[in-house]
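Notes for the one structure printed next.
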Amino acid sequence: HGHGHGGRDDLDFQPVAPNTEDRVVAPRGYDQGVVIGWGDPVLPGAPRFDFANQSAAAQAMQFGYNNDFCGLVPLPRRWGSQDRWLMVSNHEYTTESFMFLGYDDENPTREQVEIAWAAHGLSVVMVEKERRGGLQVRLDRHYNRRITVNSEFEVTGPAAGSDYLKTSADPSGRRVFGTLNNCAGGVTPWGTILSGEENYNQYFANADQVTDPVTKQRLARYGISGGASGRRWERFDDRFDLAKEPNEVNRFGWVVEIDPLDPDSTPVKHTALGRFKHEGANVIVARDGHVVAYMGDDERFDYIYKFVSDKRMKRGNSRYAREYNKRLLDSGTLYVAKFRGDSPADEIDGSGQVPSDGEFDGFGEWIPLARNDRSFVDGFTAEEVYVFTRLAADTVGPTKMDRPEDVEPSLRSRKIYAALTNNSQRGNPGTEGPTEMNPRPANRHGHVLEIEEFWGDNTARRFRWKLLLVCGDPESPDTYFAGYDKSQVSPISCPDNVAFDERGNLWISTDGNALGQNDGLFAVPVEGRERGHVKQFLTVPHGAETCGPVVTDDFVLVSVQHPGELDGASADNPLSHWPDGGDSQPRPAVVAVWKD
Ligand code: FEO
Ligand code: CA
Ligand code: CA
Ligand code: CA
């Protein structure tokens with residue numbers, strides 16, 4: 001295990017070469033199949049997908065649009081097979097110009113808007129391993145589930161019931177309809193799914209009619225400004241109109257938890273994890289049993305956070321233990337990360353050259369923001385820390401990062417890996433320039449950061465950090481692959497999601513490849529002699545982003561999000577025909593890849 005196999009890492013596939021093909025390209029000797037895609041039935045009795053005759057009622061029973069995160073939760077053994085899972089997919093957003101022929105973005109119809117509401121959210125689908133190696137969907141009556149913009153959520157944790165969360169439809173501040181822009185996520189040790197509400201700002205209209213200066217400043221810090229929203233939902237539901245419902249927006253931007261094994265459960269929005277543009281959340285159980293969630297706020301110059309629970313996880317699968325564990329993320333301490341480099345500032349000159357001590361590295365600390373009803377931030381109540389987390393964090397001096405996407409602990413090493421996808425604005429006038437932890441100005445290709453908590457204790461207040469990768473073309477002097485021979489590695493650009501295989505290798509999916517090639521999925525050992533040896537495992541169709549990787553010994557799952565989303569493309573002019581071929585419209589989908 002680990003360093004066995006003659007010093008190899010079991011990543012014995014031939015790397016896939018960069019390309020711009022309109023298909024998924026996997027290594028030689030691997031097979032692939034679409035598991036499920038936009039419009040495919042999720043609930044029994046769902047109509048077959050018919051692009052030209054869509055309806056909101058059909059969409060609410062079918063797989064939603066633009067699947068991002070994908071997670072597998074094993075079914076209890078009483079199902080008699082270990083090869084069945086509940087697959088949970090996030091439907092981050094809709095692209096109406098790809099969904100509807102002749103779409104008029106200034107005048108959407110009510111039906112189009114209602115289809116988009118039903119195409120957001122999450123899908124829970126039972127999947128089963130096929131004989132030939134892929135995964136097959138089962139239209140299970142009990143477990144399969146769709147969550148949409150109209151599904152009820154319960155708000156829990158310290159800000160539940162806050163005045164900031166009350167609306168005319170919900171004077172309790174505890175019941176929200178829907179989840180929006182669910183990007184990445186994680187499977188918890190107790191078998192539930194966490195999902196991050198990310199760019200929810202885009203759904204809310206008429207911030208320019210808000211006059212209260214404090215409210216305006218809060219909206220601005222979350223990127224909410226202007227008049228009409230892109231999708232014009234405010235015309236069909238007042239809650240998306242800030243001039244009519246100023247607090248509805250505060251009910252989004254949370255980490256949500258859903259329990260796929262209990263299909264009647266109400267999903268939860270966890271206020272204890274703070275409110276920002278949550279990329280996702282990933283949990284590890286610390287050695288003393290407290291659970292720790294790591295999280296990124298995906299915006300240029302925003303922060304990395306962690307949450308440490310007050311209570312300890314209960315082991316076992318009893319109903320009592322599961323219900324107890326589902327409350328662990330409701331009380332604890334929320335922290336934001338501050339990083340310090342250990343090399344002289346003049347060695348971080350923006351060239352990307354590794355400092356003379358051989359590493360981009362240093363120390364860091366987790367600055368506490370709030371614990372339940374107690375605020376640690378001057379000028380902010382605890383409730384305000386939780387609801388306006390970005391503004392509270394701004395006052396305590398955390399490190400401005402290059403767009404923190406997925407942040408995930410390795411369950412094997414307890415180290416944490418963060419994808420910092422890019423930051424085209426670093427070093428622009430009025431912004432922070434290169435630092436040891438974000439060493440490139442106008443960072444187009446991103447980097448991958450490794451954090452090791454003191455004493456391997458995930459609840460610790462201090463940590464060491466290193467850059468594992470500074471991404472881009474390995475022939476460029478401003479890239480770094482943990483010191484590995486750069487002539488042997490695959491080019492990689494814009495890391496987004498991270499995952500681990502059963503041997504502890506890191507897998508990285510990309511979004512927005514700035515080298516002009518298709519996005520893809522990469523594997524890299526993080527320990528031993530092969531550390532830094534990045535190999536491309538697959539590429540996705542042109543215009544698509546690779547997300548949600550799930551890596552098992554038997555198969556790899558990837559979400560292919562927004563295939564064919566290229567300049568000038570639309571449903572009237574599709575530039576991708578993946579996955580159905582011919583002259584079909586492209587459909588976002590989940591793909592399985594396995595060894596032939
Ligand atoms: Fe939805 Fe940060 O990617
Ligand atoms: Ca250093
Ligand atoms: Ca992402
Ligand atoms: Ca992204």
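By convention in this document, the chains of the structure tokens carry letters A, B, ... by their order, each chain's residues are numbered from 1, and ligands are numbered from 1 in the order they are shown.
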
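Within the 10 Å cut-off around A:Phe153, using only C-alpha atoms and omitting residues fewer than 3 positions from it on the same chain, the listed residues are A:Ile147, A:Asn150, A:Thr156, A:Arg174, A:Arg175, A:Val176, A:Phe177, A:Gly178, A:Thr179, A:Val256, A:Glu257, A:Ile258, A:Ser265, A:Thr266, A:Pro267, A:Val268, A:Lys269.
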
Against ligand 3, which residues of chain A fall within 9 Å? For each one I want the closest pair of atoms and the distance in Å (one decimal), counting only C-alpha atoms and all ligand atoms, rows by chain and increasing residue number, as a Markdown table.
| residue | atom | partner | partner_atom_place_in_ligand_line | distance |
| --- | --- | --- | --- | --- |
| A:Asp68 | CA | ligand 3 | 1 (Ca) | 7.3 |
| A:Phe69 | CA | ligand 3 | 1 (Ca) | 8.1 |
| A:Cys183 | CA | ligand 3 | 1 (Ca) | 5.5 |
| A:Ala184 | CA | ligand 3 | 1 (Ca) | 5.6 |
| A:Glu198 | CA | ligand 3 | 1 (Ca) | 8.7 |
| A:Glu279 | CA | ligand 3 | 1 (Ca) | 6.1 |
| A:Gly280 | CA | ligand 3 | 1 (Ca) | 8.2 |
| A:Asp298 | CA | ligand 3 | 1 (Ca) | 8.0 |
| A:Glu405 | CA | ligand 3 | 1 (Ca) | 5.7 |
| A:Asp406 | CA | ligand 3 | 1 (Ca) | 6.7 |
| A:Thr421 | CA | ligand 3 | 1 (Ca) | 8.7 |
| A:Pro495 | CA | ligand 3 | 1 (Ca) | 8.8 |
| A:Asp496 | CA | ligand 3 | 1 (Ca) | 5.2 |
| A:Asn497 | CA | ligand 3 | 1 (Ca) | 6.1 |
| A:Thr510 | CA | ligand 3 | 1 (Ca) | 8.6 |
| A:Asp511 | CA | ligand 3 | 1 (Ca) | 7.4 |
| A:Glu545 | CA | ligand 3 | 1 (Ca) | 8.9 |
| A:Cys547 | CA | ligand 3 | 1 (Ca) | 7.0 |
| A:Gly548 | CA | ligand 3 | 1 (Ca) | 8.6 |

Using the selection just defined, write its residues with N, CA and C atoms as a PDB file, in the first residue's frame.
ATOM      1  N   ASP A  68     -22.617  19.732 -11.320  1.00  0.00           N
ATOM      2  CA  ASP A  68     -21.259  20.065 -10.870  1.00  0.00           C
ATOM      3  C   ASP A  68     -20.783  18.958  -9.940  1.00  0.00           C
ATOM      4  N   PHE A  69     -20.885  19.152  -8.611  1.00  0.00           N
ATOM      5  CA  PHE A  69     -20.464  18.110  -7.667  1.00  0.00           C
ATOM      6  C   PHE A  69     -21.217  16.809  -7.921  1.00  0.00           C
ATOM      7  N   CYS A 183     -22.426  24.355  -6.073  1.00  0.00           N
ATOM      8  CA  CYS A 183     -21.225  24.115  -6.873  1.00  0.00           C
ATOM      9  C   CYS A 183     -20.572  22.814  -6.434  1.00  0.00           C
ATOM     10  N   ALA A 184     -19.532  22.893  -5.619  1.00  0.00           N
ATOM     11  CA  ALA A 184     -18.896  21.656  -5.165  1.00  0.00           C
ATOM     12  C   ALA A 184     -19.567  21.184  -3.877  1.00  0.00           C
ATOM     13  N   GLU A 198     -23.076  28.896  -4.164  1.00  0.00           N
ATOM     14  CA  GLU A 198     -21.952  29.743  -4.564  1.00  0.00           C
ATOM     15  C   GLU A 198     -22.418  31.099  -5.127  1.00  0.00           C
ATOM     16  N   GLU A 279     -17.898  27.519  -2.196  1.00  0.00           N
ATOM     17  CA  GLU A 279     -17.604  26.548  -3.235  1.00  0.00           C
ATOM     18  C   GLU A 279     -18.126  25.176  -2.817  1.00  0.00           C
ATOM     19  N   GLY A 280     -17.821  24.788  -1.583  1.00  0.00           N
ATOM     20  CA  GLY A 280     -18.224  23.476  -1.087  1.00  0.00           C
ATOM     21  C   GLY A 280     -17.750  23.342   0.337  1.00  0.00           C
ATOM     22  N   ASP A 298     -15.111  31.252  -3.197  1.00  0.00           N
ATOM     23  CA  ASP A 298     -14.572  31.408  -4.550  1.00  0.00           C
ATOM     24  C   ASP A 298     -14.829  32.792  -5.107  1.00  0.00           C
ATOM     25  N   GLU A 405     -11.267  27.494  -4.569  1.00  0.00           N
ATOM     26  CA  GLU A 405     -12.356  26.595  -4.984  1.00  0.00           C
ATOM     27  C   GLU A 405     -12.424  25.466  -3.955  1.00  0.00           C
ATOM     28  N   ASP A 406     -12.356  24.224  -4.421  1.00  0.00           N
ATOM     29  CA  ASP A 406     -12.507  23.085  -3.520  1.00  0.00           C
ATOM     30  C   ASP A 406     -11.357  23.047  -2.506  1.00  0.00           C
ATOM     31  N   THR A 421      -7.975  28.637  -8.166  1.00  0.00           N
ATOM     32  CA  THR A 421      -8.174  28.368  -9.593  1.00  0.00           C
ATOM     33  C   THR A 421      -7.462  29.364 -10.511  1.00  0.00           C
ATOM     34  N   PRO A 495      -7.090  24.644 -11.691  1.00  0.00           N
ATOM     35  CA  PRO A 495      -7.618  23.575 -10.828  1.00  0.00           C
ATOM     36  C   PRO A 495      -8.898  24.041 -10.157  1.00  0.00           C
ATOM     37  N   ASP A 496      -9.870  23.150 -10.029  1.00  0.00           N
ATOM     38  CA  ASP A 496     -11.159  23.527  -9.451  1.00  0.00           C
ATOM     39  C   ASP A 496     -11.569  22.550  -8.351  1.00  0.00           C
ATOM     40  N   ASN A 497     -11.808  21.288  -8.702  1.00  0.00           N
ATOM     41  CA  ASN A 497     -12.205  20.308  -7.692  1.00  0.00           C
ATOM     42  C   ASN A 497     -11.053  19.373  -7.378  1.00  0.00           C
ATOM     43  N   THR A 510     -10.306  20.424 -13.717  1.00  0.00           N
ATOM     44  CA  THR A 510     -10.036  21.813 -14.085  1.00  0.00           C
ATOM     45  C   THR A 510     -11.250  22.477 -14.729  1.00  0.00           C
ATOM     46  N   ASP A 511     -11.256  23.802 -14.642  1.00  0.00           N
ATOM     47  CA  ASP A 511     -12.325  24.625 -15.215  1.00  0.00           C
ATOM     48  C   ASP A 511     -11.713  25.882 -15.811  1.00  0.00           C
ATOM     49  N   GLU A 545     -16.540  22.068 -18.551  1.00  0.00           N
ATOM     50  CA  GLU A 545     -15.710  22.064 -17.353  1.00  0.00           C
ATOM     51  C   GLU A 545     -15.794  20.666 -16.756  1.00  0.00           C
ATOM     52  N   CYS A 547     -15.937  18.470 -13.464  1.00  0.00           N
ATOM     53  CA  CYS A 547     -16.124  18.626 -12.016  1.00  0.00           C
ATOM     54  C   CYS A 547     -16.568  17.325 -11.382  1.00  0.00           C
ATOM     55  N   GLY A 548     -16.780  17.449 -10.046  1.00  0.00           N
ATOM     56  CA  GLY A 548     -17.326  16.356  -9.246  1.00  0.00           C
ATOM     57  C   GLY A 548     -16.575  15.051  -9.326  1.00  0.00           C
TER      58      GLY A 548
END

Could you find all residues in stretch 129-370 of chain A that DSSP calls alpha helix (DSSP H) from the backbone, and write them as number ranges by chain?
-> A: 213-221, 319-325

Filtered DSSP result for stretch 317-432 of chain A, state strand (DSSP E or B), as a short mmCIF file (atom, residue, chain, number, x, y, z; two decimals) with N, CA and C atoms, in the first residue's frame:
data_model
loop_
_atom_site.label_atom_id
_atom_site.label_comp_id
_atom_site.auth_asym_id
_atom_site.auth_seq_id
_atom_site.Cartn_x
_atom_site.Cartn_y
_atom_site.Cartn_z
N GLY A 332 -20.31 25.21 16.94
CA GLY A 332 -18.86 25.09 16.86
C GLY A 332 -18.24 26.45 16.59
N THR A 333 -16.98 26.42 16.19
CA THR A 333 -16.24 27.67 15.97
C THR A 333 -15.90 27.81 14.49
N LEU A 334 -16.15 29.01 13.97
CA LEU A 334 -15.83 29.32 12.57
C LEU A 334 -14.54 30.14 12.54
N TYR A 335 -13.58 29.70 11.71
CA TYR A 335 -12.28 30.36 11.60
C TYR A 335 -12.02 30.79 10.16
N VAL A 336 -11.13 31.78 10.01
CA VAL A 336 -10.66 32.17 8.68
C VAL A 336 -9.13 32.09 8.68
N ALA A 337 -8.55 31.78 7.52
CA ALA A 337 -7.11 31.46 7.46
C ALA A 337 -6.26 32.68 7.15
N LYS A 338 -5.14 32.77 7.90
CA LYS A 338 -4.10 33.77 7.62
C LYS A 338 -2.81 33.00 7.36
N PHE A 339 -2.18 33.26 6.21
CA PHE A 339 -0.96 32.57 5.80
C PHE A 339 0.22 33.54 5.89
N ARG A 340 1.40 32.99 6.26
CA ARG A 340 2.62 33.80 6.21
C ARG A 340 3.68 33.01 5.45
N GLY A 341 4.39 33.69 4.55
CA GLY A 341 5.51 33.05 3.86
C GLY A 341 6.75 33.09 4.73
N ASP A 361 6.43 28.32 0.82
CA ASP A 361 5.91 27.68 2.04
C ASP A 361 5.95 28.65 3.21
N GLY A 362 5.45 28.19 4.34
CA GLY A 362 5.44 29.03 5.53
C GLY A 362 4.49 28.48 6.58
N PHE A 363 4.05 29.39 7.44
CA PHE A 363 3.17 29.03 8.54
C PHE A 363 1.84 29.76 8.39
N GLY A 364 0.90 29.39 9.23
CA GLY A 364 -0.37 30.10 9.20
C GLY A 364 -1.15 29.87 10.46
N GLU A 365 -2.22 30.64 10.58
CA GLU A 365 -3.09 30.46 11.74
C GLU A 365 -4.54 30.60 11.33
N TRP A 366 -5.38 29.97 12.14
CA TRP A 366 -6.83 30.08 11.96
C TRP A 366 -7.35 31.12 12.94
N ILE A 367 -7.92 32.19 12.42
CA ILE A 367 -8.41 33.27 13.27
C ILE A 367 -9.89 33.01 13.57
N PRO A 368 -10.25 32.91 14.86
CA PRO A 368 -11.65 32.64 15.18
C PRO A 368 -12.54 33.84 14.88
N LEU A 369 -13.71 33.56 14.32
CA LEU A 369 -14.67 34.63 14.00
C LEU A 369 -15.86 34.61 14.96
N ALA A 370 -16.38 33.43 15.24
CA ALA A 370 -17.53 33.33 16.13
C ALA A 370 -17.67 31.90 16.60
N ARG A 371 -18.24 31.77 17.79
CA ARG A 371 -18.63 30.45 18.29
C ARG A 371 -20.05 30.58 18.83
N ARG A 374 -21.42 33.74 20.44
CA ARG A 374 -20.32 34.59 20.85
C ARG A 374 -19.51 35.03 19.62
N SER A 375 -19.40 36.36 19.44
CA SER A 375 -18.60 36.90 18.34
C SER A 375 -17.20 37.22 18.82
N MET A 401 -6.76 35.29 -1.16
CA MET A 401 -6.28 34.18 -1.99
C MET A 401 -6.76 34.33 -3.44
N ASP A 402 -6.15 33.51 -4.31
CA ASP A 402 -6.50 33.53 -5.73
C ASP A 402 -7.68 32.58 -6.01
N PRO A 404 -10.31 30.70 -3.95
CA PRO A 404 -10.33 29.36 -3.35
C PRO A 404 -11.54 28.55 -3.82
N GLU A 405 -11.27 27.49 -4.57
CA GLU A 405 -12.36 26.59 -4.98
C GLU A 405 -12.42 25.47 -3.95
N ASP A 406 -12.36 24.22 -4.42
CA ASP A 406 -12.51 23.09 -3.52
C ASP A 406 -11.36 23.05 -2.51
N VAL A 407 -11.68 22.79 -1.23
CA VAL A 407 -10.69 22.62 -0.16
C VAL A 407 -11.03 21.30 0.51
N GLU A 408 -10.12 20.33 0.45
CA GLU A 408 -10.50 19.00 0.91
C GLU A 408 -9.37 18.33 1.67
N PRO A 409 -9.68 17.77 2.85
CA PRO A 409 -8.65 17.03 3.59
C PRO A 409 -8.46 15.63 3.03
N ILE A 416 -4.51 19.01 4.03
CA ILE A 416 -5.63 19.62 3.32
C ILE A 416 -5.11 20.19 2.01
N TYR A 417 -5.86 20.01 0.95
CA TYR A 417 -5.47 20.51 -0.38
C TYR A 417 -6.52 21.52 -0.86
N ALA A 418 -6.03 22.66 -1.30
CA ALA A 418 -6.94 23.71 -1.78
C ALA A 418 -6.60 24.05 -3.22
N ALA A 419 -7.63 24.06 -4.07
CA ALA A 419 -7.47 24.50 -5.46
C ALA A 419 -7.69 26.01 -5.49
N LEU A 420 -6.67 26.74 -5.95
CA LEU A 420 -6.78 28.20 -6.12
C LEU A 420 -6.79 28.40 -7.63
N ASN A 423 -6.42 34.06 -10.73
CA ASN A 423 -6.78 35.42 -10.32
C ASN A 423 -6.16 36.39 -11.31
#

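Between atom CA of A:Thr546 and atom CA of A:Leu43 the separation is 25.7 Å.
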
Listing only residues of chain A within 9 Å of ligand 2, what is the closest atom pair and its distance in Å (to one decimal) for each, using only C-alpha atoms and all ligand atoms, sorted by chain and residue number ascending, as a Markdown table?
| residue | atom | partner | partner_atom_place_in_ligand_line | distance |
| --- | --- | --- | --- | --- |
| A:Gly341 | CA | ligand 2 | 1 (Ca) | 6.1 |
| A:Asp342 | CA | ligand 2 | 1 (Ca) | 4.8 |
| A:Ser343 | CA | ligand 2 | 1 (Ca) | 4.3 |
| A:Pro344 | CA | ligand 2 | 1 (Ca) | 8.0 |
| A:Val354 | CA | ligand 2 | 1 (Ca) | 8.0 |
| A:Pro355 | CA | ligand 2 | 1 (Ca) | 5.7 |
| A:Ser356 | CA | ligand 2 | 1 (Ca) | 7.3 |
| A:Asp357 | CA | ligand 2 | 1 (Ca) | 5.4 |
| A:Gly358 | CA | ligand 2 | 1 (Ca) | 6.4 |
| A:Glu359 | CA | ligand 2 | 1 (Ca) | 4.5 |
| A:Phe360 | CA | ligand 2 | 1 (Ca) | 4.4 |
| A:Asp361 | CA | ligand 2 | 1 (Ca) | 4.3 |
| A:Gly362 | CA | ligand 2 | 1 (Ca) | 6.0 |
| A:Glu436 | CA | ligand 2 | 1 (Ca) | 7.1 |
| A:Lys466 | CA | ligand 2 | 1 (Ca) | 8.1 |

Filtering to C-alpha atoms, could you give me those residues as a PDB file, in the first residue's frame?
ATOM      1  CA  GLY A 341       5.510  33.054   3.860  1.00  0.00           C
ATOM      2  CA  ASP A 342       8.920  32.159   5.294  1.00  0.00           C
ATOM      3  CA  SER A 343      11.057  33.537   2.431  1.00  0.00           C
ATOM      4  CA  PRO A 344      12.207  37.170   2.104  1.00  0.00           C
ATOM      5  CA  VAL A 354      10.947  29.257  -6.485  1.00  0.00           C
ATOM      6  CA  PRO A 355      12.462  31.059  -3.427  1.00  0.00           C
ATOM      7  CA  SER A 356      16.008  30.189  -2.373  1.00  0.00           C
ATOM      8  CA  ASP A 357      14.806  27.884   0.443  1.00  0.00           C
ATOM      9  CA  GLY A 358      13.371  25.661  -2.288  1.00  0.00           C
ATOM     10  CA  GLU A 359       9.671  26.040  -1.501  1.00  0.00           C
ATOM     11  CA  PHE A 360       6.761  28.398  -1.583  1.00  0.00           C
ATOM     12  CA  ASP A 361       5.911  27.680   2.039  1.00  0.00           C
ATOM     13  CA  GLY A 362       5.438  29.026   5.530  1.00  0.00           C
ATOM     14  CA  GLU A 436       4.568  33.580  -1.266  1.00  0.00           C
ATOM     15  CA  LYS A 466       3.359  24.607   0.967  1.00  0.00           C
TER      16      LYS A 466
END

Given only C-alpha atoms and all ligand atoms as the counted atoms, nearest of A:Asp237, A:Asp297, A:Asp378, A:Asp346 to ligand 1 | A:Asp297

Excluding A:Ala57 and any residue of its chain fewer than 4 positions from it, enumerate the residues within 10 Å of it, using only C-alpha atoms, and give them as a PDB file with C-alpha atoms, in the first residue's frame.
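Writing the result to result_18.pdb gives the following:
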ATOM      1  CA  ALA A  46     -40.750  10.804 -15.484  1.00  0.00           C
ATOM      2  CA  PRO A  47     -41.289  11.544 -19.177  1.00  0.00           C
ATOM      3  CA  MET A  61     -38.847  14.606 -12.335  1.00  0.00           C
ATOM      4  CA  GLN A  62     -35.760  14.618 -14.550  1.00  0.00           C
ATOM      5  CA  GLU A 111     -42.737  28.289 -18.525  1.00  0.00           C
ATOM      6  CA  GLU A 114     -40.304  27.495 -14.157  1.00  0.00           C
ATOM      7  CA  ILE A 115     -38.259  24.953 -16.130  1.00  0.00           C
ATOM      8  CA  ALA A 118     -36.862  22.840 -11.690  1.00  0.00           C
TER       9      ALA A 118
END

Pick out the closest residue to ligand 4 from this set: A:Arg503, A:Arg77, A:Lys277, A:Lys326. Count only C-alpha atoms and all ligand atoms.
-> A:Lys277

What does the distance from atom CA of A:Gly581 to atom CA of A:His542 come to in Å, to one decimal?
->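 Answer for the atom CA of A:Gly581 to atom CA of A:His542 separation: 13.6 Å.
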
Name the residues in contact with A:Gly227 at a cut-off of 9 Å, using only C-alpha atoms, excluding same-chain residues fewer than 5 positions from it; report them as a ChimeraX atom specification.
-> /A:204-209

Can you work out which one of A:Ala523, A:Ala482, A:Met87, A:Leu329 has the shortest atom-to-atom distance to A:Gln136, counting only C-alpha atoms?
->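 Nearest to A:Gln136: A:Met87.
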
With only C-alpha atoms as the basis for distance, which of A:Gly289, A:Val387, A:Arg231, A:Ala272 is at the shortest distance from A:Phe307?
->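 The closest residue to A:Phe307 is A:Ala272.
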
Taking only C-alpha atoms and all ligand atoms into account, which of A:Ser413, A:Asn181, A:Thr94, A:Ser89 comes nearest ligand 4?
-> A:Asn181

Pick from A:Asn66, A:Leu515, A:Glu245, A:Phe236 nearest to ligand 4, counting only C-alpha atoms and all ligand atoms =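 Looking only at the distances to ligand 4, the closest residue turns out to be A:Asn66.
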
Can you list, as a list in words, every protein, DNA or RNA residue that comes within 10 Å of A:Leu72 when you count only C-alpha atoms, leaving out same-chain residues fewer than 3 positions away?
-> Leu75, Arg84, Trp85, Leu86, Met87, Val88, Ser89, Val124, Val125, Met126, Val127, Gly186, Val187, Gly191, Thr192, Ile193, Pro260, Val550 and Leu557 of chain A

Can you pull out every residue within 8 Å of A:Asp473, counting only C-alpha atoms, but drop anything in the same chain fewer than 4 positions away, and send it as a ChimeraX atom specification?
-> /A:479,491-493,515
